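Read the structure below first, then the notes.
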Amino acid sequence: MRDFEPDEESISPTYYEPLDSPKDFEPELPNQLLDYVLRNVTSETIDPNLFVVMAKRRSTRKFSDKPVETVKIDKIIAAADTAPTAGNYQGFEIFYVKSPEKKKLLVDACNKQPYVDSPVVLVFCKNPSRVKLDFPEYILKKFAIQDATLAAGYSQLAAQALGLSSIWIGMFDEQKVMDVIGTDLIPSSVLCIGYPKQTKFPKPRRNLKDLVHVVW
Ligand SMILES: Cc1cc2nc3c(=O)[nH]c(=O)nc-3n(C[C@H](O)[C@H](O)[C@H](O)COP(=O)(O)O)c2cc1C
């Protein structure tokens, strides 16, 4: 990913374009860039075992100053785009906050949680207007929150697989976050990512009988 001013033809947003893309890239071919970014083998840490990734993931609130490699940010964003969405309408959008000043404003918008000022900050927003299904608005809103949440979960696991750690922020003032990132879309979560200062042991979870209810 590099900073750039895209031309009219670009499929990338201003100031964000994947580090690497196929030489014979066809913008009209669905998923070509996504597949390329995800499959692109790098020398970076990648844990291919999904279950190990899930078992090892822990919320991190202390990040090291080590910057996150651009190729990893590409993969984290691409991973979000692989998540299932209602009707495949992809009722969510990601705001990649790069401005140090805006990250600081987000700390305030997120109940003054200082670790929001982290190396990589992604705000996942709901966009029910993308969901072109013939259902009442409240259903479309419900789909959009599920789309945005699932996508953020995929990004969180991708970050872990890449040797990074993250904290999911759900405690924020929606309007303040929207003002900072400049959108009318309502945020569903703020995902803060970086290299952890320390690794942690898994957190205890409840007994299986409290988790699973068997229905005959
Ligand atoms: C919906 C949701 C909202 C959360 N909001 C916050 C938050 O605002 N601040 C925070 O520090 N952690 C937040 N967390 C992280 C949880 O505290 C954390 O996932 C939980 O304690 C379990 O720990 P683990 O992620 O290390 O397994 C949130 C997690 C979820 C799923």
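Labels for the structure tokens follow display order: chains A, B, ..., residues from 1 in each chain, ligands from 1.
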Closest pair table for region 86-170 of chain A residues within 10 Å of region 49-70 of chain A, only C-alpha atoms, as a tab-separated table:
```
residue	atom	partner	partner_atom	distance
A:Gln113	CA	A:Arg61	CA	9.3
A:Pro114	CA	A:Arg61	CA	8.6
A:Tyr115	CA	A:Arg61	CA	5.6
A:Val116	CA	A:Arg61	CA	8.3
A:Asp117	CA	A:Phe63	CA	9.6
A:Ser118	CA	A:Phe63	CA	6.8
A:Pro119	CA	A:Pro67	CA	6.3
A:Val120	CA	A:Val68	CA	7.3
A:Gln156	CA	A:Arg57	CA	8.5
A:Leu157	CA	A:Val53	CA	6.8
A:Ala158	CA	A:Val53	CA	8.5
A:Ala159	CA	A:Arg57	CA	9.2
A:Gln160	CA	A:Arg57	CA	6.1
A:Ala161	CA	A:Val53	CA	5.6
A:Leu162	CA	A:Val53	CA	9.2
A:Gly163	CA	A:Val53	CA	9.2
A:Leu164	CA	A:Val68	CA	8.2
A:Ser165	CA	A:Thr60	CA	6.0
A:Ser166	CA	A:Thr60	CA	5.3
A:Ile167	CA	A:Ser59	CA	4.9
A:Trp168	CA	A:Ser59	CA	7.3
```
Inset, instruction - Using backbone DSSP assignments, extract all alpha helix (DSSP H) residues from region 20-199 of chain A; output them as an MDAnalysis selection string. - result: chainID A and resid 32:39 50:56 70:80 100:109 137:161 174:181
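The residues of region 51-211 of chain A that DSSP classifies as strand (DSSP E or B), using the backbone of this structure, are A:Ser59, A:Phe63, A:Phe92, A:Glu93, A:Ile94, A:Phe95, A:Tyr96, A:Val97, A:Val120, A:Val121, A:Leu122, A:Val123, A:Phe124, A:Cys125, A:Lys126, A:Ser165, A:Ser166, A:Ile167, A:Trp168, A:Ile169, A:Pro187, A:Ser188, A:Ser189, A:Val190, A:Leu191, A:Cys192, A:Ile193, A:Gly194, A:Pro196.
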For the selection you just gave me, I'd like the residues written to a file as an mmCIF file, in the first residue's frame, keeping N, CA and C atoms.
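Below is the file that was written, selection.cif:
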```cif
data_model
loop_
_atom_site.group_PDB
_atom_site.id
_atom_site.type_symbol
_atom_site.label_atom_id
_atom_site.label_comp_id
_atom_site.auth_asym_id
_atom_site.auth_seq_id
_atom_site.Cartn_x
_atom_site.Cartn_y
_atom_site.Cartn_z
ATOM 1 N N SER A 59 -7.090 -9.757 23.122
ATOM 2 C CA SER A 59 -7.183 -8.303 22.998
ATOM 3 C C SER A 59 -5.906 -7.668 23.527
ATOM 4 N N PHE A 63 0.464 -1.466 22.525
ATOM 5 C CA PHE A 63 1.134 -1.760 21.261
ATOM 6 C C PHE A 63 2.557 -1.214 21.275
ATOM 7 N N PHE A 92 -21.279 -2.649 4.276
ATOM 8 C CA PHE A 92 -20.361 -1.998 5.219
ATOM 9 C C PHE A 92 -19.258 -1.297 4.446
ATOM 10 N N GLU A 93 -18.592 -0.380 5.136
ATOM 11 C CA GLU A 93 -17.429 0.299 4.558
ATOM 12 C C GLU A 93 -16.386 0.478 5.649
ATOM 13 N N ILE A 94 -15.133 0.578 5.217
ATOM 14 C CA ILE A 94 -14.028 0.688 6.175
ATOM 15 C C ILE A 94 -13.389 2.065 6.037
ATOM 16 N N PHE A 95 -13.170 2.706 7.153
ATOM 17 C CA PHE A 95 -12.449 3.981 7.165
ATOM 18 C C PHE A 95 -11.085 3.725 7.800
ATOM 19 N N TYR A 96 -10.070 3.891 7.012
ATOM 20 C CA TYR A 96 -8.692 3.625 7.436
ATOM 21 C C TYR A 96 -8.102 4.961 7.884
ATOM 22 N N VAL A 97 -7.989 5.119 9.190
ATOM 23 C CA VAL A 97 -7.593 6.420 9.750
ATOM 24 C C VAL A 97 -6.070 6.510 9.807
ATOM 25 N N VAL A 120 -2.442 1.036 13.616
ATOM 26 C CA VAL A 120 -3.427 0.960 12.515
ATOM 27 C C VAL A 120 -4.827 1.067 13.106
ATOM 28 N N VAL A 121 -5.600 1.991 12.604
ATOM 29 C CA VAL A 121 -6.971 2.176 13.098
ATOM 30 C C VAL A 121 -7.949 2.036 11.929
ATOM 31 N N LEU A 122 -8.847 1.066 12.060
ATOM 32 C CA LEU A 122 -9.875 0.857 11.034
ATOM 33 C C LEU A 122 -11.246 1.029 11.680
ATOM 34 N N VAL A 123 -12.046 1.895 11.125
ATOM 35 C CA VAL A 123 -13.416 2.064 11.622
ATOM 36 C C VAL A 123 -14.348 1.358 10.645
ATOM 37 N N PHE A 124 -15.072 0.382 11.148
ATOM 38 C CA PHE A 124 -16.031 -0.354 10.323
ATOM 39 C C PHE A 124 -17.402 0.302 10.485
ATOM 40 N N CYS A 125 -17.985 0.714 9.360
ATOM 41 C CA CYS A 125 -19.285 1.391 9.403
ATOM 42 C C CYS A 125 -20.336 0.583 8.660
ATOM 43 N N LYS A 126 -21.550 0.728 9.122
ATOM 44 C CA LYS A 126 -22.687 0.066 8.474
ATOM 45 C C LYS A 126 -23.137 0.907 7.282
ATOM 46 N N SER A 165 -1.598 -7.944 16.759
ATOM 47 C CA SER A 165 -2.649 -8.083 17.757
ATOM 48 C C SER A 165 -3.594 -6.897 17.620
ATOM 49 N N SER A 166 -4.725 -6.975 18.310
ATOM 50 C CA SER A 166 -5.727 -5.931 18.094
ATOM 51 C C SER A 166 -6.600 -5.737 19.327
ATOM 52 N N ILE A 167 -7.304 -4.632 19.310
ATOM 53 C CA ILE A 167 -8.375 -4.420 20.296
ATOM 54 C C ILE A 167 -9.617 -3.946 19.550
ATOM 55 N N TRP A 168 -10.707 -4.594 19.864
ATOM 56 C CA TRP A 168 -12.013 -4.253 19.280
ATOM 57 C C TRP A 168 -12.631 -3.191 20.175
ATOM 58 N N ILE A 169 -12.970 -2.059 19.619
ATOM 59 C CA ILE A 169 -13.586 -0.988 20.409
ATOM 60 C C ILE A 169 -15.058 -0.880 20.027
ATOM 61 N N PRO A 187 -20.875 3.985 12.641
ATOM 62 C CA PRO A 187 -19.843 2.977 12.910
ATOM 63 C C PRO A 187 -20.395 1.805 13.715
ATOM 64 N N SER A 188 -19.833 0.639 13.480
ATOM 65 C CA SER A 188 -20.205 -0.520 14.300
ATOM 66 C C SER A 188 -19.059 -0.921 15.213
ATOM 67 N N SER A 189 -17.834 -0.730 14.773
ATOM 68 C CA SER A 189 -16.689 -1.030 15.643
ATOM 69 C C SER A 189 -15.464 -0.281 15.151
ATOM 70 N N VAL A 190 -14.559 -0.083 16.085
ATOM 71 C CA VAL A 190 -13.259 0.497 15.748
ATOM 72 C C VAL A 190 -12.235 -0.589 16.047
ATOM 73 N N LEU A 191 -11.439 -0.950 15.053
ATOM 74 C CA LEU A 191 -10.451 -2.018 15.242
ATOM 75 C C LEU A 191 -9.062 -1.382 15.258
ATOM 76 N N CYS A 192 -8.391 -1.554 16.392
ATOM 77 C CA CYS A 192 -7.061 -0.954 16.573
ATOM 78 C C CYS A 192 -6.040 -2.081 16.538
ATOM 79 N N ILE A 193 -5.027 -1.924 15.701
ATOM 80 C CA ILE A 193 -4.114 -3.032 15.398
ATOM 81 C C ILE A 193 -2.661 -2.572 15.508
ATOM 82 N N GLY A 194 -1.819 -3.494 15.964
ATOM 83 C CA GLY A 194 -0.383 -3.200 15.991
ATOM 84 C C GLY A 194 0.360 -4.414 16.511
ATOM 85 N N PRO A 196 1.946 -6.355 19.462
ATOM 86 C CA PRO A 196 1.713 -6.281 20.906
ATOM 87 C C PRO A 196 3.030 -6.076 21.653
#
```
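Using only C-alpha atoms for every distance, the candidate list A:Asp81, A:Asp74, A:Lys23, A:Asp108 yields A:Asp108 as the residue closest to Lys176 (chain A).
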Excluding same-chain residues fewer than 4 positions from Tyr89 (chain A), what lies within 7 Å of it counting only C-alpha atoms, as a PDB file with N, CA and C atoms, in the first residue's frame?
```pdb
ATOM      1  N   THR A  85     -21.695 -11.559   3.344  1.00  0.00           N
ATOM      2  CA  THR A  85     -22.576 -10.421   3.638  1.00  0.00           C
ATOM      3  C   THR A  85     -23.971 -10.742   3.117  1.00  0.00           C
ATOM      4  N   ARG A 130     -26.544  -0.009   0.831  1.00  0.00           N
ATOM      5  CA  ARG A 130     -25.951  -0.918  -0.174  1.00  0.00           C
ATOM      6  C   ARG A 130     -26.741  -2.217  -0.298  1.00  0.00           C
ATOM      7  N   VAL A 131     -27.538  -2.513   0.731  1.00  0.00           N
ATOM      8  CA  VAL A 131     -28.213  -3.823   0.782  1.00  0.00           C
ATOM      9  C   VAL A 131     -29.531  -3.727   0.019  1.00  0.00           C
ATOM     10  N   LYS A 132     -29.474  -4.135  -1.257  1.00  0.00           N
ATOM     11  CA  LYS A 132     -30.635  -3.947  -2.143  1.00  0.00           C
ATOM     12  C   LYS A 132     -31.578  -5.151  -2.073  1.00  0.00           C
TER      13      LYS A 132
END
```
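Note that the spacing between CA of Ala80 (chain A) and CA of Ala151 (chain A) amounts to 4.4 Å.
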Legend entry - Among the residues A:Tyr15, A:Phe172, A:Phe135, A:Trp216, the one that comes closest to ligand 1 [using only C-alpha atoms and all ligand atoms]: A:Phe172
Legend entry - Polymer residues at most 7 Å from Ala144 (chain A), only C-alpha atoms, same-chain spacing of 4 or more positions, as a VMD selection string: chain A and resid 91 to 92 126 to 128 140 148
Generate a file of the selected residues that holds C-alpha atoms, formatted as a PDB file, in the first residue's frame.
```
ATOM      1  CA  GLY A  91     -23.416  -3.474   3.547  1.00  0.00           C
ATOM      2  CA  PHE A  92     -20.361  -1.998   5.219  1.00  0.00           C
ATOM      3  CA  LYS A 126     -22.687   0.066   8.474  1.00  0.00           C
ATOM      4  CA  ASN A 127     -24.090   0.991   5.085  1.00  0.00           C
ATOM      5  CA  PRO A 128     -27.625  -0.415   4.857  1.00  0.00           C
ATOM      6  CA  LEU A 140     -31.574  -3.983   6.150  1.00  0.00           C
ATOM      7  CA  ALA A 148     -19.806  -4.797   9.321  1.00  0.00           C
TER       8      ALA A 148
END
```
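The shortest atom-to-atom distance to Leu133 (chain A), with only C-alpha atoms taken into account, belongs to A:Gln90 out of A:Gln90, A:Gln175, A:Asn207, A:Thr149.
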